[in-house]
file input_0.tsv (TSV, C-alpha atoms)
chain	number	residue	atom	x	y	z
L	1	MET	CA	39.14	115.59	95.50
L	2	GLU	CA	39.64	116.33	99.18
L	3	ILE	CA	42.89	116.09	101.10
L	4	SER	CA	43.27	116.34	104.85
L	5	ASN	CA	46.47	116.24	106.82
L	6	LYS	CA	47.09	114.82	110.26
L	7	GLU	CA	50.38	115.43	112.02
L	8	PHE	CA	51.67	112.65	114.26
L	9	LYS	CA	54.77	112.87	116.41
L	10	HIS	CA	56.87	110.75	114.05
L	11	CYS	CA	55.13	111.24	110.73
L	12	ASP	CA	52.46	113.03	108.71
L	13	MET	CA	49.39	111.40	107.25
L	14	LEU	CA	47.57	112.61	104.15
L	15	MET	CA	44.03	111.31	103.76
L	16	LEU	CA	42.81	111.33	100.16
L	17	LYS	CA	39.19	111.30	99.12
L	18	GLY	CA	37.74	111.25	95.60
L	19	ARG	CA	39.70	111.11	92.38
L	20	ILE	CA	43.24	112.11	91.42
L	21	ASP	CA	43.85	112.81	87.73
L	22	SER	CA	45.74	115.46	85.74
L	23	ALA	CA	43.24	118.09	86.93
L	24	THR	CA	43.58	117.34	90.65
L	25	ALA	CA	47.16	115.99	90.87
L	26	PRO	CA	48.64	119.50	91.34
L	27	GLN	CA	46.61	119.81	94.54
L	28	PHE	CA	48.02	116.46	95.72
L	29	SER	CA	51.58	117.55	94.83
L	30	GLN	CA	51.12	120.79	96.76
L	31	ALA	CA	49.95	118.89	99.86
L	32	LEU	CA	52.99	116.60	99.64
L	33	ASP	CA	55.36	119.53	99.01
L	34	ALA	CA	53.94	121.41	102.01
L	35	ILE	CA	55.04	118.53	104.25
L	36	THR	CA	58.54	118.11	102.81
L	37	GLU	CA	59.10	121.89	102.72
L	38	SER	CA	58.42	122.00	106.44
L	39	GLY	CA	61.29	119.56	106.88
L	40	ARG	CA	59.20	116.47	107.50
L	41	PHE	CA	59.91	113.42	105.34
L	42	LYS	CA	57.97	110.53	106.86
L	43	ILE	CA	54.61	110.44	105.15
L	44	VAL	CA	51.67	108.03	105.21
L	45	VAL	CA	49.27	108.38	102.28
L	46	ASP	CA	45.90	106.95	103.30
L	47	MET	CA	44.00	105.91	100.14
L	48	GLY	CA	41.05	104.25	101.91
L	49	GLN	CA	38.57	106.74	100.46
L	50	LEU	CA	40.28	107.27	97.14
L	51	GLU	CA	38.25	106.10	94.15
L	52	TYR	CA	40.68	106.69	91.33
L	53	MET	CA	44.28	107.62	90.59
L	54	SER	CA	45.89	108.13	87.18
L	55	SER	CA	49.61	108.30	86.36
L	56	ALA	CA	49.49	112.01	87.24
L	57	GLY	CA	49.07	110.94	90.87
L	58	PHE	CA	51.77	108.28	90.51
L	59	ARG	CA	54.20	110.96	89.33
L	60	ALA	CA	53.50	113.09	92.40
L	61	LEU	CA	54.15	110.07	94.64
L	62	LEU	CA	57.40	109.26	92.83
L	63	ALA	CA	58.76	112.81	93.09
L	64	THR	CA	58.00	112.92	96.80
L	65	GLN	CA	59.45	109.46	97.45
L	66	ARG	CA	62.70	110.69	95.89
L	67	ALA	CA	62.78	113.78	98.10
L	68	CYS	CA	61.97	111.79	101.22
L	69	LYS	CA	64.45	108.95	100.73
L	70	ARG	CA	67.32	111.33	100.01
L	71	TYR	CA	69.87	111.19	102.89
L	72	ASN	CA	67.75	108.38	104.39
L	73	ARG	CA	65.65	111.01	106.11
L	74	GLY	CA	62.32	109.30	105.58
L	75	GLU	CA	59.95	107.74	103.09
L	76	VAL	CA	56.42	107.75	101.70
L	77	VAL	CA	54.31	104.70	102.57
L	78	LEU	CA	50.82	103.83	101.34
L	79	ALA	CA	47.85	102.61	103.38
L	80	SER	CA	44.46	101.05	102.56
L	81	VAL	CA	45.11	101.05	98.82
L	82	PRO	CA	41.91	100.08	96.92
L	83	ALA	CA	42.29	96.97	94.72
L	84	ARG	CA	41.89	98.81	91.39
L	85	ILE	CA	44.50	101.42	92.30
L	86	GLN	CA	46.81	98.68	93.58
L	87	GLU	CA	46.54	96.88	90.23
L	88	ALA	CA	47.48	100.05	88.34
L	89	LEU	CA	50.40	100.67	90.71
L	90	GLU	CA	51.60	97.11	90.05
L	91	LEU	CA	51.29	97.62	86.30
L	92	ALA	CA	53.40	100.77	86.63
L	93	GLY	CA	56.02	98.88	88.64
L	94	PHE	CA	55.43	101.12	91.64
L	95	THR	CA	54.75	98.47	94.26
L	96	GLU	CA	58.49	97.87	94.70
L	97	LEU	CA	59.06	101.56	95.43
L	98	PHE	CA	56.47	101.97	98.20
L	99	LYS	CA	55.75	99.97	101.32
L	100	THR	CA	52.04	99.36	101.66
L	101	PHE	CA	49.97	98.71	104.78
L	102	ASP	CA	46.41	97.43	105.15
L	103	GLU	CA	45.64	99.91	107.92
L	104	PRO	CA	46.71	103.57	108.23
L	105	LEU	CA	47.65	103.13	111.90
L	106	ALA	CA	49.93	100.21	111.07
L	107	ALA	CA	51.63	102.55	108.59
L	108	VAL	CA	51.99	105.26	111.25
L	109	GLY	CA	53.42	102.66	113.64
L	110	ASN	CA	56.06	101.76	111.05
L	111	PHE	CA	57.85	105.07	111.71
S	112	MET	CA	29.11	105.11	68.03
S	113	ARG	CA	28.31	107.95	70.37
S	114	LYS	CA	30.35	111.10	69.94
S	115	VAL	CA	30.97	113.95	72.40
S	116	LYS	CA	33.15	117.03	71.94
S	117	TYR	CA	34.97	118.40	74.99
S	118	PRO	CA	37.19	121.43	75.57
S	119	ALA	CA	40.77	120.11	75.69
S	120	GLN	CA	41.17	120.83	79.40
S	121	PHE	CA	41.99	118.59	82.33
S	122	GLN	CA	38.73	119.57	84.11
S	123	TYR	CA	36.82	117.52	81.54
S	124	LEU	CA	38.68	114.25	82.23
S	125	ASP	CA	36.01	113.34	84.77
S	126	GLU	CA	33.30	113.58	82.09
S	127	ILE	CA	35.37	111.66	79.54
S	128	ARG	CA	35.87	108.84	82.08
S	129	GLU	CA	32.14	108.79	82.84
S	130	PHE	CA	31.28	108.68	79.14
S	131	VAL	CA	33.47	105.67	78.33
S	132	ALA	CA	32.45	103.91	81.57
S	133	GLU	CA	28.78	104.17	80.64
S	134	VAL	CA	29.35	102.60	77.23
S	135	ALA	CA	31.59	99.88	78.73
S	136	ARG	CA	29.09	99.00	81.48
S	137	LYS	CA	26.23	98.77	79.00
S	138	GLY	CA	28.51	96.60	76.86
S	139	GLY	CA	28.87	94.10	79.69
S	140	PHE	CA	32.42	94.80	80.86
S	141	SER	CA	33.20	93.93	84.50
S	142	GLU	CA	33.83	96.76	86.97
S	143	LYS	CA	37.53	95.86	86.98
S	144	GLU	CA	37.62	96.21	83.19
S	145	VAL	CA	35.57	99.43	83.33
S	146	TYR	CA	38.22	100.93	85.63
S	147	SER	CA	40.96	99.90	83.19
S	148	ILE	CA	39.07	101.44	80.26
S	149	GLN	CA	38.53	104.68	82.21
S	150	LEU	CA	42.20	104.84	83.14
S	151	ALA	CA	43.33	104.20	79.54
S	152	ALA	CA	40.97	106.87	78.14
S	153	ASP	CA	42.12	109.32	80.82
S	154	GLU	CA	45.80	108.71	80.04
S	155	ALA	CA	45.11	109.10	76.31
S	156	ALA	CA	43.15	112.34	76.77
S	157	SER	CA	45.66	113.75	79.30
S	158	ASN	CA	48.43	113.10	76.84
S	159	ILE	CA	46.62	114.92	74.02
S	160	ILE	CA	45.85	117.91	76.25
S	161	GLU	CA	49.42	118.03	77.55
S	162	HIS	CA	51.34	117.40	74.32
S	163	ALA	CA	49.19	117.86	71.20
S	164	TYR	CA	47.69	121.04	72.67
S	165	ALA	CA	50.74	122.28	74.59
S	166	GLY	CA	50.39	126.07	74.82
S	167	VAL	CA	46.98	126.03	73.07
S	168	LYS	CA	44.01	127.42	74.97
S	169	ASN	CA	40.94	126.74	72.84
S	170	GLY	CA	41.59	123.21	71.63
S	171	SER	CA	38.87	120.62	71.47
S	172	LEU	CA	38.88	116.89	71.93
S	173	GLU	CA	36.25	114.72	70.30
S	174	VAL	CA	35.64	111.36	71.91
S	175	SER	CA	33.73	108.62	70.08
S	176	CYS	CA	32.90	105.44	71.89
S	177	GLY	CA	30.92	102.35	70.98
S	178	MET	CA	30.59	98.58	71.19
S	179	GLN	CA	30.80	96.14	68.31
S	180	GLY	CA	30.00	92.68	69.58
S	181	ASP	CA	32.21	92.23	72.65
S	182	VAL	CA	34.73	94.89	71.62
S	183	ILE	CA	34.79	98.50	72.81
S	184	THR	CA	36.39	101.12	70.58
S	185	ILE	CA	37.30	104.60	71.80
S	186	ILE	CA	38.50	107.19	69.30
S	187	LEU	CA	40.02	110.46	70.51
S	188	ARG	CA	40.35	113.11	67.80
S	189	ASP	CA	42.25	116.36	68.11
S	190	GLN	CA	43.48	119.16	65.85
S	191	GLY	CA	46.67	119.75	67.79
S	192	ARG	CA	50.29	119.06	66.99
S	193	PRO	CA	50.77	115.45	65.87
S	194	PHE	CA	52.04	113.46	68.83
S	195	ASN	CA	52.62	109.81	68.13
S	196	PRO	CA	52.63	107.78	71.36
S	197	ASP	CA	54.90	105.27	69.57
S	198	SER	CA	57.66	107.89	69.70
S	199	VAL	CA	57.71	107.68	73.50
S	200	GLN	CA	60.13	105.18	74.99
S	201	PRO	CA	58.54	102.80	77.50
S	202	PRO	CA	59.73	103.50	81.06
S	203	ASN	CA	62.19	101.11	82.67
S	204	LEU	CA	60.06	99.57	85.42
S	205	LYS	CA	63.07	97.84	86.96
S	206	ALA	CA	65.05	101.05	87.46
S	207	ASP	CA	65.92	102.22	90.98
S	208	LEU	CA	63.97	105.04	92.53
S	209	SER	CA	66.60	107.61	91.54
S	210	ASP	CA	66.64	106.47	87.89
S	211	ARG	CA	62.90	105.99	87.50
S	212	GLN	CA	61.51	108.13	84.68
S	213	ILE	CA	58.65	110.46	85.43
S	214	GLY	CA	57.44	110.63	81.83
S	215	GLY	CA	56.08	107.94	79.54
S	216	LEU	CA	54.16	106.19	82.27
S	217	GLY	CA	50.69	107.21	81.09
S	218	ILE	CA	51.28	105.92	77.57
S	219	TYR	CA	52.74	102.71	78.95
S	220	LEU	CA	49.66	102.15	81.14
S	221	MET	CA	47.31	102.93	78.25
S	222	ARG	CA	48.97	100.23	76.14
S	223	LYS	CA	48.97	97.66	78.92
S	224	LEU	CA	45.31	98.26	79.79
S	225	MET	CA	43.96	98.02	76.24
S	226	ASP	CA	44.29	95.21	73.67
S	227	ASP	CA	45.24	97.54	70.85
S	228	VAL	CA	46.25	101.20	70.51
S	229	ARG	CA	46.59	102.88	67.10
S	230	TYR	CA	47.52	106.36	66.06
S	231	GLU	CA	46.61	108.06	62.78
S	232	THR	CA	47.35	111.55	61.59
S	233	SER	CA	46.09	113.41	58.51
S	234	SER	CA	45.34	116.94	57.37
S	235	ARG	CA	42.01	116.65	59.23
S	236	GLY	CA	43.72	116.00	62.55
S	237	ASN	CA	45.00	113.22	64.77
S	238	SER	CA	43.17	110.12	65.93
S	239	LEU	CA	44.12	107.86	68.81
S	240	ILE	CA	42.17	104.61	68.74
S	241	LEU	CA	41.85	102.37	71.80
S	242	ILE	CA	40.40	98.88	71.54
S	243	LYS	CA	39.55	96.30	74.19
S	244	ARG	CA	37.72	92.99	74.06
S	245	ARG	CA	35.45	91.92	76.90
S	246	ASN	CA	36.70	88.97	78.95
call {"tool": "encode", "arguments": {"input": "input_0.tsv", "output": "structure tokens"}}
result
Amino acid sequence: MEISNKEFKHCDMLMLKGRIDSATAPQFSQALDAITESGRFKIVVDMGQLEYMSSAGFRALLATQRACKRYNRGEVVLASVPARIQEALELAGFTELFKTFDEPLAAVGNF
Amino acid sequence: MRKVKYPAQFQYLDEIREFVAEVARKGGFSEKEVYSIQLAADEAASNIIEHAYAGVKNGSLEVSCGMQGDVITIILRDQGRPFNPDSVQPPNLKADLSDRQIGGLGIYLMRKLMDDVRYETSSRGNSLILIKRRN
């Protein structure tokens, strides 16, 4: 799994590549924590190149969404979610908790 | 049924997913179903590594997988602490963000993705059996 981070004026974008499971989710959590610990709470997660995500990844997203929405200081939004991952997110009831965008730049523009 | 023994470590989840996907593809499951089967097997194995083998370093996880007609069966066997997935409450998917449970989600997904999930425990160890019929 590879994660890269791009800092925009109004938000941060994490680009995920590969697979997130219980082995790689800690790396994803760390990348999310690094953003919130620097006092930034508007985050776009670009899943365009992500092949797979288990509930370990969903948990990392949920924990960060909680931290970001506290005091209305921001939120996590998802972009370019592959169909299979979208279906699993729906099954987990997560689609109501995260705004999703077809394009990463539309997600950036949301902030 | 093909049988492979893995160290009970998260690094081997990739290989477990590949193993079940290969059997499922050969068995004629669609790519959408193959993804579901991989996700269910991953959640099952993750749960065993996390709970049955909590604090155990040298545990092993034996995965058997095979087709019978249009049905795939995956059996995960471990020698860890018995951990019955039935004892885990399903998460409340309607709860607000602040009340949403972090735990229990993997087991919930596993059940939703497969047609049947059974758990057996004996002096020889624990077995988690996942079953899905091809569409």
call {"tool": "closest_atom_pairs", "arguments": {"input": "input_0.tsv", "of": "chain L", "to": "chain S", "cutoff": "10 Å", "atoms": "all atoms listed in the file", "output": "CSV"}}
result
residue,atom,partner,partner_atom,distance
L:Arg19,CA,S:Asp125,CA,8.7
L:Ile20,CA,S:Asp125,CA,9.9
L:Asp21,CA,S:Leu124,CA,7.7
L:Ser22,CA,S:Phe121,CA,6.0
L:Ala23,CA,S:Phe121,CA,4.8
L:Thr24,CA,S:Gln122,CA,8.4
L:Glu51,CA,S:Tyr146,CA,10.0
L:Tyr52,CA,S:Tyr146,CA,8.5
L:Met53,CA,S:Leu150,CA,8.2
L:Ser54,CA,S:Leu150,CA,6.4
L:Ser55,CA,S:Gly217,CA,5.5
L:Ala56,CA,S:Gly217,CA,7.9
L:Phe58,CA,S:Ile213,CA,8.8
L:Arg59,CA,S:Ile213,CA,5.9
L:Ala60,CA,S:Ile213,CA,9.1
L:Leu62,CA,S:Ile213,CA,7.6
L:Ala63,CA,S:Ile213,CA,8.0
L:Gln65,CA,S:Leu208,CA,8.0
L:Arg66,CA,S:Ser209,CA,6.6
L:Ala67,CA,S:Ser209,CA,9.8
L:Lys69,CA,S:Leu208,CA,9.1
L:Arg70,CA,S:Ser209,CA,9.3
L:Ala83,CA,S:Lys143,CA,9.2
L:Arg84,CA,S:Lys143,CA,6.9
L:Ile85,CA,S:Tyr146,CA,9.2
L:Glu87,CA,S:Ser147,CA,9.5
L:Ala88,CA,S:Leu220,CA,7.8
L:Leu89,CA,S:Leu220,CA,9.7
L:Glu90,CA,S:Leu204,CA,10.0
L:Leu91,CA,S:Leu220,CA,7.1
L:Ala92,CA,S:Leu220,CA,6.8
L:Gly93,CA,S:Leu204,CA,5.2
L:Phe94,CA,S:Leu204,CA,7.9
L:Glu96,CA,S:Lys205,CA,9.0
L:Leu97,CA,S:Leu208,CA,6.7
L:Phe98,CA,S:Leu208,CA,9.9
call {"tool": "residues_near_point", "arguments": {"input": "input_0.tsv", "point": "(54.1, 108.5, 102.6)", "cutoff": "6 Å", "atoms": "all atoms listed in the file", "output": "list of chain:residue names"}}
result
L:Ile43, L:Val44, L:Val45, L:Glu75, L:Val76, L:Val77, L:Leu78
call {"tool": "closest_residue", "arguments": {"input": "input_0.tsv", "among": "S:Phe140, S:Ala155, S:Gly170, S:Lys243", "to": "Gln190 of chain S", "atoms": "all atoms listed in the file"}}
result
S:Gly170
call {"tool": "residues_around", "arguments": {"input": "input_0.tsv", "residues": "Thr100 of chain L", "least_positions_apart": "2", "cutoff": "9 Å", "atoms": "only C-alpha atoms", "output": "PyMOL selection string"}}
result
chain L and resi 77-81+95+98+102-103+107
call {"tool": "residues_around", "arguments": {"input": "input_0.tsv", "residues": "Ala135 of chain S", "least_positions_apart": "6", "cutoff": "10 Å", "atoms": "only C-alpha atoms", "output": "PyMOL selection string"}}
result
chain S and resi 129+141-142+144-146+148-149+176-178+181-184+243+245
call {"tool": "atom_distance", "arguments": {"input": "input_0.tsv", "atom1": "atom CA of Val167 of chain S", "atom2": "atom CA of Leu241 of chain S"}}
result
24.2 Å
call {"tool": "closest_residue", "arguments": {"input": "input_0.tsv", "among": "S:Asn237, S:Ala152, S:Gly191, S:Leu172", "to": "Met225 of chain S", "atoms": "only C-alpha atoms"}}
result
S:Ala152
call {"tool": "atom_distance", "arguments": {"input": "input_0.tsv", "atom1": "atom CA of Asp197 of chain S", "atom2": "atom CA of Tyr117 of chain S"}}
result
24.5 Å
call {"tool": "residues_around", "arguments": {"input": "input_0.tsv", "residues": "Phe8 of chain L", "least_positions_apart": "3", "cutoff": "12 Å", "atoms": "all atoms listed in the file", "output": "number ranges by chain"}}
result
L: 5, 11-14, 40, 42-44, 104-105, 107-109, 111
call {"tool": "residues_around", "arguments": {"input": "input_0.tsv", "residues": "Leu61 of chain L", "least_positions_apart": "6", "cutoff": "9 Å", "atoms": "all atoms listed in the file", "output": "mmCIF file with C-alpha atoms, keeping the file's coordinate frame"}}
result
data_model
loop_
_atom_site.group_PDB
_atom_site.id
_atom_site.type_symbol
_atom_site.label_atom_id
_atom_site.label_comp_id
_atom_site.auth_asym_id
_atom_site.auth_seq_id
_atom_site.Cartn_x
_atom_site.Cartn_y
_atom_site.Cartn_z
ATOM 1 C CA PHE L 28 48.020 116.460 95.720
ATOM 2 C CA SER L 29 51.580 117.550 94.830
ATOM 3 C CA LEU L 32 52.990 116.600 99.640
ATOM 4 C CA VAL L 76 56.420 107.750 101.700
#
call {"tool": "closest_residue", "arguments": {"input": "input_0.tsv", "among": "S:Tyr164, S:Phe130, S:Ser175, S:Ser233", "to": "Lys114 of chain S", "atoms": "only C-alpha atoms"}}
result
S:Ser175
call {"tool": "atom_distance", "arguments": {"input": "input_0.tsv", "atom1": "atom CA of Ser234 of chain S", "atom2": "atom CA of Val131 of chain S"}}
result
26.6 Å
call {"tool": "residues_around", "arguments": {"input": "input_0.tsv", "residues": "Gly236 of chain S", "least_positions_apart": "4", "cutoff": "10 Å", "atoms": "all atoms listed in the file", "output": "ChimeraX atom specification"}}
result
/S:188-193,231-232
call {"tool": "closest_residue", "arguments": {"input": "input_0.tsv", "among": "S:Arg235, S:Gly138, S:Pro201, S:Ser171", "to": "Ile159 of chain S", "atoms": "all atoms listed in the file"}}
result
S:Ser171
call {"tool": "residues_near_point", "arguments": {"input": "input_0.tsv", "point": "(46.8, 98.6, 69.5)", "cutoff": "8 Å", "atoms": "all atoms listed in the file", "output": "list of chain:residue names"}}
result
S:Arg222, S:Met225, S:Asp226, S:Asp227, S:Val228, S:Arg229, S:Ile240, S:Leu241, S:Ile242
call {"tool": "write_last_selection", "arguments": {"input": "input_0.tsv", "atoms": "C-alpha atoms", "output": "PDB file, in the coordinates of the input"}}
result
ATOM      1  CA  ARG S 222      48.970 100.230  76.140  1.00  0.00           C
ATOM      2  CA  MET S 225      43.960  98.020  76.240  1.00  0.00           C
ATOM      3  CA  ASP S 226      44.290  95.210  73.670  1.00  0.00           C
ATOM      4  CA  ASP S 227      45.240  97.540  70.850  1.00  0.00           C
ATOM      5  CA  VAL S 228      46.250 101.200  70.510  1.00  0.00           C
ATOM      6  CA  ARG S 229      46.590 102.880  67.100  1.00  0.00           C
ATOM      7  CA  ILE S 240      42.170 104.610  68.740  1.00  0.00           C
ATOM      8  CA  LEU S 241      41.850 102.370  71.800  1.00  0.00           C
ATOM      9  CA  ILE S 242      40.400  98.880  71.540  1.00  0.00           C
TER      10      ILE S 242
END
